[in-house]
file target-v8.txt (compact mmCIF, C-alpha atoms)
# COMPACT_ATOMS: atom_id res chain seq x y z
CA GLY E 1 -3.93 35.90 -38.08
CA ALA E 2 -6.91 37.50 -39.70
CA VAL E 3 -6.22 40.49 -41.91
CA VAL E 4 -8.24 43.65 -42.35
CA SER E 5 -7.30 45.99 -45.16
CA GLN E 6 -8.20 49.66 -45.31
CA HIS E 7 -7.95 51.92 -48.33
CA PRO E 8 -6.84 54.61 -48.90
CA SER E 9 -4.26 55.00 -46.17
CA ARG E 10 -4.07 58.74 -46.78
CA VAL E 11 -6.42 61.09 -48.56
CA ILE E 12 -6.45 64.84 -48.98
CA CYS E 13 -9.57 66.53 -50.28
CA LYS E 14 -11.09 69.94 -50.69
CA SER E 15 -13.78 71.18 -48.39
CA GLY E 16 -17.24 70.24 -49.63
CA THR E 17 -16.24 67.07 -51.42
CA SER E 18 -17.05 63.51 -50.36
CA VAL E 19 -14.52 60.84 -49.54
CA LYS E 20 -15.03 57.07 -49.41
CA ILE E 21 -12.93 54.77 -47.24
CA GLU E 22 -13.04 51.02 -47.73
CA CYS E 23 -12.55 48.32 -45.13
CA ARG E 24 -12.09 44.73 -46.27
CA SER E 25 -11.69 41.50 -44.34
CA LEU E 26 -9.24 39.57 -46.51
CA ASP E 27 -9.37 36.04 -45.16
CA PHE E 28 -12.56 35.80 -43.16
CA GLN E 29 -16.17 36.83 -43.29
CA ALA E 30 -17.23 39.69 -41.09
CA THR E 31 -20.93 40.17 -40.51
CA THR E 32 -20.07 43.08 -38.27
CA MET E 33 -17.47 45.77 -38.73
CA PHE E 34 -16.77 48.81 -36.64
CA TRP E 35 -15.69 52.31 -37.57
CA TYR E 36 -13.62 54.40 -35.20
CA ARG E 37 -12.30 57.91 -35.26
CA GLN E 38 -9.10 58.83 -33.51
CA PHE E 39 -8.05 62.36 -32.66
CA PRO E 40 -4.39 63.19 -32.10
CA LYS E 41 -3.00 61.63 -28.93
CA LYS E 42 -6.41 60.25 -28.05
CA SER E 43 -7.98 56.84 -27.80
CA LEU E 44 -10.34 55.43 -30.39
CA MET E 45 -13.89 56.69 -30.47
CA LEU E 46 -16.48 54.27 -31.81
CA MET E 47 -18.54 55.96 -34.50
CA ALA E 48 -20.80 53.19 -35.72
CA THR E 49 -21.37 49.49 -36.04
CA SER E 50 -21.69 48.29 -39.60
CA ASN E 51 -23.97 45.30 -40.12
CA GLU E 52 -23.96 43.31 -43.34
CA GLY E 53 -27.24 43.65 -45.14
CA SER E 54 -28.78 46.14 -42.76
CA LYS E 55 -28.45 49.71 -41.60
CA ALA E 56 -25.51 50.78 -39.51
CA THR E 57 -25.95 51.57 -35.85
CA TYR E 58 -24.51 54.96 -34.98
CA GLU E 59 -23.19 56.07 -31.63
CA GLN E 60 -24.73 59.04 -29.92
CA GLY E 61 -23.51 62.30 -31.38
CA VAL E 62 -22.37 60.87 -34.71
CA GLU E 63 -24.20 62.35 -37.69
CA LYS E 64 -25.48 59.51 -39.84
CA ASP E 65 -26.02 61.81 -42.82
CA LYS E 66 -22.44 63.03 -42.58
CA PHE E 67 -20.86 59.61 -42.18
CA LEU E 68 -22.57 57.16 -44.51
CA ILE E 69 -21.82 53.50 -43.88
CA ASN E 70 -22.57 50.70 -46.28
CA HIS E 71 -21.87 47.04 -45.58
CA ALA E 72 -22.59 45.54 -48.96
CA SER E 73 -20.99 42.14 -48.46
CA LEU E 74 -19.49 39.93 -45.79
CA THR E 75 -16.03 41.24 -46.59
CA LEU E 76 -16.54 44.93 -47.35
CA SER E 77 -17.76 47.95 -45.44
CA THR E 78 -17.40 51.52 -46.65
CA LEU E 79 -17.44 54.82 -44.81
CA THR E 80 -18.26 57.91 -46.87
CA VAL E 81 -17.58 61.30 -45.35
CA THR E 82 -20.02 63.56 -47.15
CA SER E 83 -19.44 67.26 -47.76
CA ALA E 84 -16.23 67.08 -45.80
CA HIS E 85 -15.03 70.05 -43.78
CA PRO E 86 -11.69 70.69 -42.07
CA GLU E 87 -13.11 69.56 -38.72
CA ASP E 88 -13.65 66.11 -40.26
CA SER E 89 -9.90 65.73 -40.65
CA SER E 90 -8.93 62.76 -38.53
CA PHE E 91 -7.61 59.22 -38.47
CA TYR E 92 -10.35 56.71 -39.25
CA ILE E 93 -9.91 53.05 -38.35
CA CYS E 94 -12.11 50.06 -39.05
CA SER E 95 -12.18 46.71 -37.33
CA ALA E 96 -13.86 43.37 -37.75
CA SER E 97 -14.29 40.19 -35.82
CA ALA E 98 -13.97 36.67 -37.10
CA GLN E 99 -17.20 35.17 -35.91
CA ARG E 100 -16.00 31.59 -35.71
CA GLY E 101 -14.44 30.94 -32.33
CA TYR E 102 -15.12 34.51 -31.31
CA THR E 103 -13.40 35.53 -28.08
CA GLY E 104 -13.90 39.25 -28.30
CA GLU E 105 -10.77 39.94 -30.28
CA LEU E 106 -11.03 42.40 -33.14
CA PHE E 107 -8.74 42.81 -36.10
CA PHE E 108 -7.99 46.35 -37.10
CA GLY E 109 -7.28 47.97 -40.42
CA GLU E 110 -4.22 50.14 -40.88
CA GLY E 111 -6.26 53.30 -40.66
CA SER E 112 -6.99 56.12 -43.10
CA ARG E 113 -5.67 59.64 -42.53
CA LEU E 114 -8.16 62.17 -43.89
CA THR E 115 -7.09 65.77 -44.37
CA VAL E 116 -9.70 68.24 -45.52
CA LEU E 117 -8.30 71.52 -46.85
CA ALA T 1 -19.71 50.69 -15.16
CA GLN T 2 -17.52 48.04 -16.66
CA SER T 3 -14.36 49.51 -18.14
CA VAL T 4 -10.60 49.53 -18.23
CA THR T 5 -8.33 52.17 -16.74
CA GLN T 6 -4.80 52.80 -17.89
CA LEU T 7 -3.06 54.52 -15.04
CA ASP T 8 -0.31 56.28 -16.98
CA SER T 9 -0.72 58.42 -20.08
CA HIS T 10 3.06 58.46 -20.67
CA VAL T 11 5.86 56.09 -19.71
CA SER T 12 9.52 56.73 -20.54
CA VAL T 13 12.25 54.13 -20.19
CA SER T 14 15.81 53.69 -21.37
CA GLU T 15 16.59 51.05 -23.93
CA GLY T 16 17.40 47.76 -22.24
CA THR T 17 15.44 48.52 -19.07
CA PRO T 18 12.13 46.90 -18.04
CA VAL T 19 8.77 48.18 -19.21
CA LEU T 20 5.63 48.29 -17.07
CA LEU T 21 2.36 49.59 -18.47
CA ARG T 22 -0.50 49.45 -16.01
CA CYS T 23 -4.11 48.54 -16.60
CA ASN T 24 -6.92 47.93 -14.16
CA TYR T 25 -10.35 46.67 -15.06
CA SER T 26 -13.72 46.90 -13.42
CA SER T 27 -16.07 44.01 -13.92
CA SER T 28 -18.39 41.81 -11.94
CA TYR T 29 -16.80 38.76 -13.52
CA SER T 30 -13.46 37.76 -14.99
CA PRO T 31 -13.43 39.37 -18.39
CA SER T 32 -11.44 38.82 -21.53
CA LEU T 33 -8.67 41.40 -21.78
CA PHE T 34 -6.34 42.46 -24.55
CA TRP T 35 -3.35 44.68 -25.10
CA TYR T 36 -3.02 46.34 -28.47
CA VAL T 37 -0.12 48.41 -29.79
CA GLN T 38 -0.41 51.27 -32.25
CA HIS T 39 2.57 52.73 -34.06
CA PRO T 40 2.26 56.23 -35.53
CA ASN T 41 -0.31 56.49 -38.31
CA LYS T 42 -1.01 52.77 -38.13
CA GLY T 43 -3.88 50.57 -37.07
CA LEU T 44 -3.90 48.52 -33.89
CA GLN T 45 -2.00 45.26 -33.59
CA LEU T 46 -2.86 42.66 -31.00
CA LEU T 47 0.00 42.07 -28.56
CA LEU T 48 -1.64 39.48 -26.36
CA LYS T 49 -4.96 38.37 -24.95
CA TYR T 50 -6.30 36.84 -21.78
CA THR T 51 -9.36 34.63 -22.12
CA SER T 52 -9.54 32.87 -18.73
CA ALA T 53 -6.96 30.22 -19.47
CA ALA T 54 -3.46 30.81 -18.03
CA THR T 55 -3.18 33.97 -15.94
CA LEU T 56 0.28 34.73 -17.30
CA VAL T 57 -0.06 35.50 -20.96
CA LYS T 58 2.85 35.75 -23.35
CA GLY T 59 2.52 37.89 -26.42
CA ILE T 60 4.54 39.01 -29.38
CA ASN T 61 7.80 40.95 -29.27
CA GLY T 62 8.69 39.71 -25.80
CA PHE T 63 5.70 41.27 -24.03
CA GLU T 64 3.69 39.50 -21.40
CA ALA T 65 0.88 40.35 -19.01
CA GLU T 66 -0.43 38.80 -15.83
CA PHE T 67 -4.10 38.68 -14.98
CA LYS T 68 -4.54 39.27 -11.24
CA LYS T 69 -8.11 38.96 -10.12
CA SER T 70 -7.35 40.01 -6.55
CA GLU T 71 -5.97 43.30 -7.84
CA THR T 72 -8.27 43.57 -10.89
CA SER T 73 -5.16 44.25 -12.92
CA PHE T 74 -3.69 43.21 -16.24
CA HIS T 75 -0.36 45.02 -16.41
CA LEU T 76 1.83 44.72 -19.49
CA THR T 77 5.54 44.05 -19.00
CA LYS T 78 8.69 43.48 -20.97
CA PRO T 79 12.07 42.68 -19.41
CA SER T 80 14.12 44.80 -21.77
CA ALA T 81 12.82 47.68 -23.86
CA HIS T 82 13.83 48.15 -27.47
CA MET T 83 13.71 51.32 -29.48
CA SER T 84 11.10 49.76 -31.75
CA ASP T 85 8.75 49.37 -28.77
CA ALA T 86 8.08 53.11 -28.77
CA ALA T 87 4.35 53.36 -29.56
CA GLU T 88 0.90 53.83 -28.06
CA TYR T 89 -0.48 50.91 -26.06
CA PHE T 90 -4.14 50.26 -25.37
CA CYS T 91 -5.67 48.00 -22.78
CA VAL T 92 -8.96 46.75 -24.16
CA ARG T 93 -11.92 44.80 -22.88
CA PRO T 94 -14.59 43.37 -25.13
CA ASN T 95 -18.16 43.89 -24.10
CA LEU T 96 -19.44 40.34 -23.84
CA ASP T 97 -22.49 41.24 -21.83
CA ARG T 98 -25.68 39.46 -22.77
CA GLY T 99 -27.52 41.47 -25.37
CA SER T 100 -24.57 43.63 -26.33
CA THR T 101 -23.40 43.88 -29.90
CA LEU T 102 -20.70 41.33 -30.60
CA GLY T 103 -17.43 43.19 -31.03
CA ARG T 104 -18.00 46.32 -28.97
CA LEU T 105 -14.89 47.22 -27.04
CA TYR T 106 -14.00 49.24 -24.00
CA PHE T 107 -10.73 51.09 -24.65
CA GLY T 108 -8.33 52.42 -22.09
CA ARG T 109 -7.16 55.95 -22.79
CA GLY T 110 -3.80 54.67 -24.02
CA THR T 111 -0.23 54.88 -22.73
CA GLN T 112 2.47 56.45 -24.84
CA LEU T 113 5.73 54.56 -24.40
CA THR T 114 8.94 56.46 -25.12
CA VAL T 115 12.21 54.56 -25.27
CA TRP T 116 15.41 56.56 -24.86
CA PRO T 117 18.66 55.33 -26.37
call {"tool": "encode", "arguments": {"input": "target-v8.txt", "output": "structure tokens"}}
result
Amino acid sequence: GAVVSQHPSRVICKSGTSVKIECRSLDFQATTMFWYRQFPKKSLMLMATSNEGSKATYEQGVEKDKFLINHASLTLSTLTVTSAHPEDSSFYICSASAQRGYTGELFFGEGSRLTVL
Amino acid sequence: AQSVTQLDSHVSVSEGTPVLLRCNYSSSYSPSLFWYVQHPNKGLQLLLKYTSAATLVKGINGFEAEFKKSETSFHLTKPSAHMSDAAEYFCVRPNLDRGSTLGRLYFGRGTQLTVWP
């Protein structure tokens, strides 16, 4: 099946610094990728929809200046957590769909655990 | 509103006994439905999907689910639980409504499966 790779899997940073998380579709082109945030023992919360070549669409309540999304190519989307604070600590997951033969199924990355000290 | 409802937040079974994870959907039409599994600190892996073909869907690792329109259900079952099945399970419905962004998903709240030796 299609593979989505996320990097880094774990990152620890100091408060006030910025952290970039990459999401790559390895064997298919993804014009749209999605970024989720998952709190402990909770379901996934959609943060934003990343569109190749255009601005991301953010969900209500998600700060676009805090969570910068760039979808520079058909296989790469990045999420940058700017000026990170401890409350930004969370598990971030990306997903992508293979457009050809689309049936609604998404392929998920392995997730990135962010810890802000 | 169109959504999915997972009826149990936690299910505990003994190894070797059957597993039943319940999911009901609300929709004005027969939707596509998926079950994903998430192991600790990992992304989501597709277990199986229903896309209006056979109502009994077989997935990976011995799991299967039956789409029952009369009951608006898509319960996940496995005849005999294994220790490695302990994980979080999500019932998911893609939003395929006209005009919606391709790839948006409705997530159930998740069911934590514990398998006792």
call {"tool": "residues_around", "arguments": {"input": "target-v8.txt", "residues": "Val37 in chain T", "least_positions_apart": "3", "cutoff": "6 Å", "atoms": "all atoms listed in the file", "output": "compact mmCIF listing (two decimals) with C-alpha atoms, keeping the file's coordinate frame"}}
result
# COMPACT_ATOMS: atom_id res chain seq x y z
CA LEU T 44 -3.90 48.52 -33.89
CA GLN T 45 -2.00 45.26 -33.59
CA GLU T 88 0.90 53.83 -28.06
CA TYR T 89 -0.48 50.91 -26.06
call {"tool": "interface_residues", "arguments": {"input": "target-v8.txt", "of": "chain T", "to": "chain E", "cutoff": "9 Å", "atoms": "all atoms listed in the file", "output": "tab-separated table (two decimals) with C-alpha atoms, in the frame of the given file"}}
result
chain	number	residue	atom	x	y	z
T	32	SER	CA	-11.44	38.82	-21.53
T	33	LEU	CA	-8.67	41.40	-21.78
T	34	PHE	CA	-6.34	42.46	-24.55
T	41	ASN	CA	-0.31	56.49	-38.31
T	42	LYS	CA	-1.01	52.77	-38.13
T	43	GLY	CA	-3.88	50.57	-37.07
T	44	LEU	CA	-3.90	48.52	-33.89
T	45	GLN	CA	-2.00	45.26	-33.59
T	46	LEU	CA	-2.86	42.66	-31.00
T	49	LYS	CA	-4.96	38.37	-24.95
T	51	THR	CA	-9.36	34.63	-22.12
T	88	GLU	CA	0.90	53.83	-28.06
T	90	PHE	CA	-4.14	50.26	-25.37
T	93	ARG	CA	-11.92	44.80	-22.88
T	94	PRO	CA	-14.59	43.37	-25.13
T	95	ASN	CA	-18.16	43.89	-24.10
T	96	LEU	CA	-19.44	40.34	-23.84
T	101	THR	CA	-23.40	43.88	-29.90
T	102	LEU	CA	-20.70	41.33	-30.60
T	103	GLY	CA	-17.43	43.19	-31.03
T	104	ARG	CA	-18.00	46.32	-28.97
T	105	LEU	CA	-14.89	47.22	-27.04
T	107	PHE	CA	-10.73	51.09	-24.65
T	108	GLY	CA	-8.33	52.42	-22.09
T	109	ARG	CA	-7.16	55.95	-22.79
T	110	GLY	CA	-3.80	54.67	-24.02
T	112	GLN	CA	2.47	56.45	-24.84
call {"tool": "atom_distance", "arguments": {"input": "target-v8.txt", "atom1": "CA of Phe63 in chain T", "atom2": "CA of Ser27 in chain T"}}
result
24.2 Å
call {"tool": "closest_residue", "arguments": {"input": "target-v8.txt", "among": "T:His39, T:Pro79, T:Val115, T:Lys58", "to": "His10 in chain T", "atoms": "all atoms listed in the file"}}
result
T:Val115
call {"tool": "atom_distance", "arguments": {"input": "target-v8.txt", "atom1": "CA of Tyr58 in chain E", "atom2": "CA of Leu114 in chain E"}}
result
20.0 Å
call {"tool": "atom_distance", "arguments": {"input": "target-v8.txt", "atom1": "CA of Ala87 in chain T", "atom2": "CA of Leu113 in chain T"}}
result
5.5 Å
call {"tool": "residues_around", "arguments": {"input": "target-v8.txt", "residues": "range 14-23 of chain E", "least_positions_apart": "6", "cutoff": "6 Å", "atoms": "all atoms listed in the file", "output": "list in words"}}
result
Ser5, Gln6, His7, Leu76, Ser77, Thr78, Leu79, Thr80, Val81, Thr82, Ser83, Ala84, His85, Val116 and Leu117 of chain E
call {"tool": "residues_near_point", "arguments": {"input": "target-v8.txt", "point": "(-16.5, 67.4, -34.5)", "cutoff": "9 Å", "atoms": "only C-alpha atoms", "output": "PyMOL selection string"}}
result
chain E and resi 62+87-88
call {"tool": "closest_residue", "arguments": {"input": "target-v8.txt", "among": "T:Ser84, T:Ser9, T:Ser73, T:Thr17", "to": "Pro31 in chain T", "atoms": "all atoms listed in the file"}}
result
T:Ser73
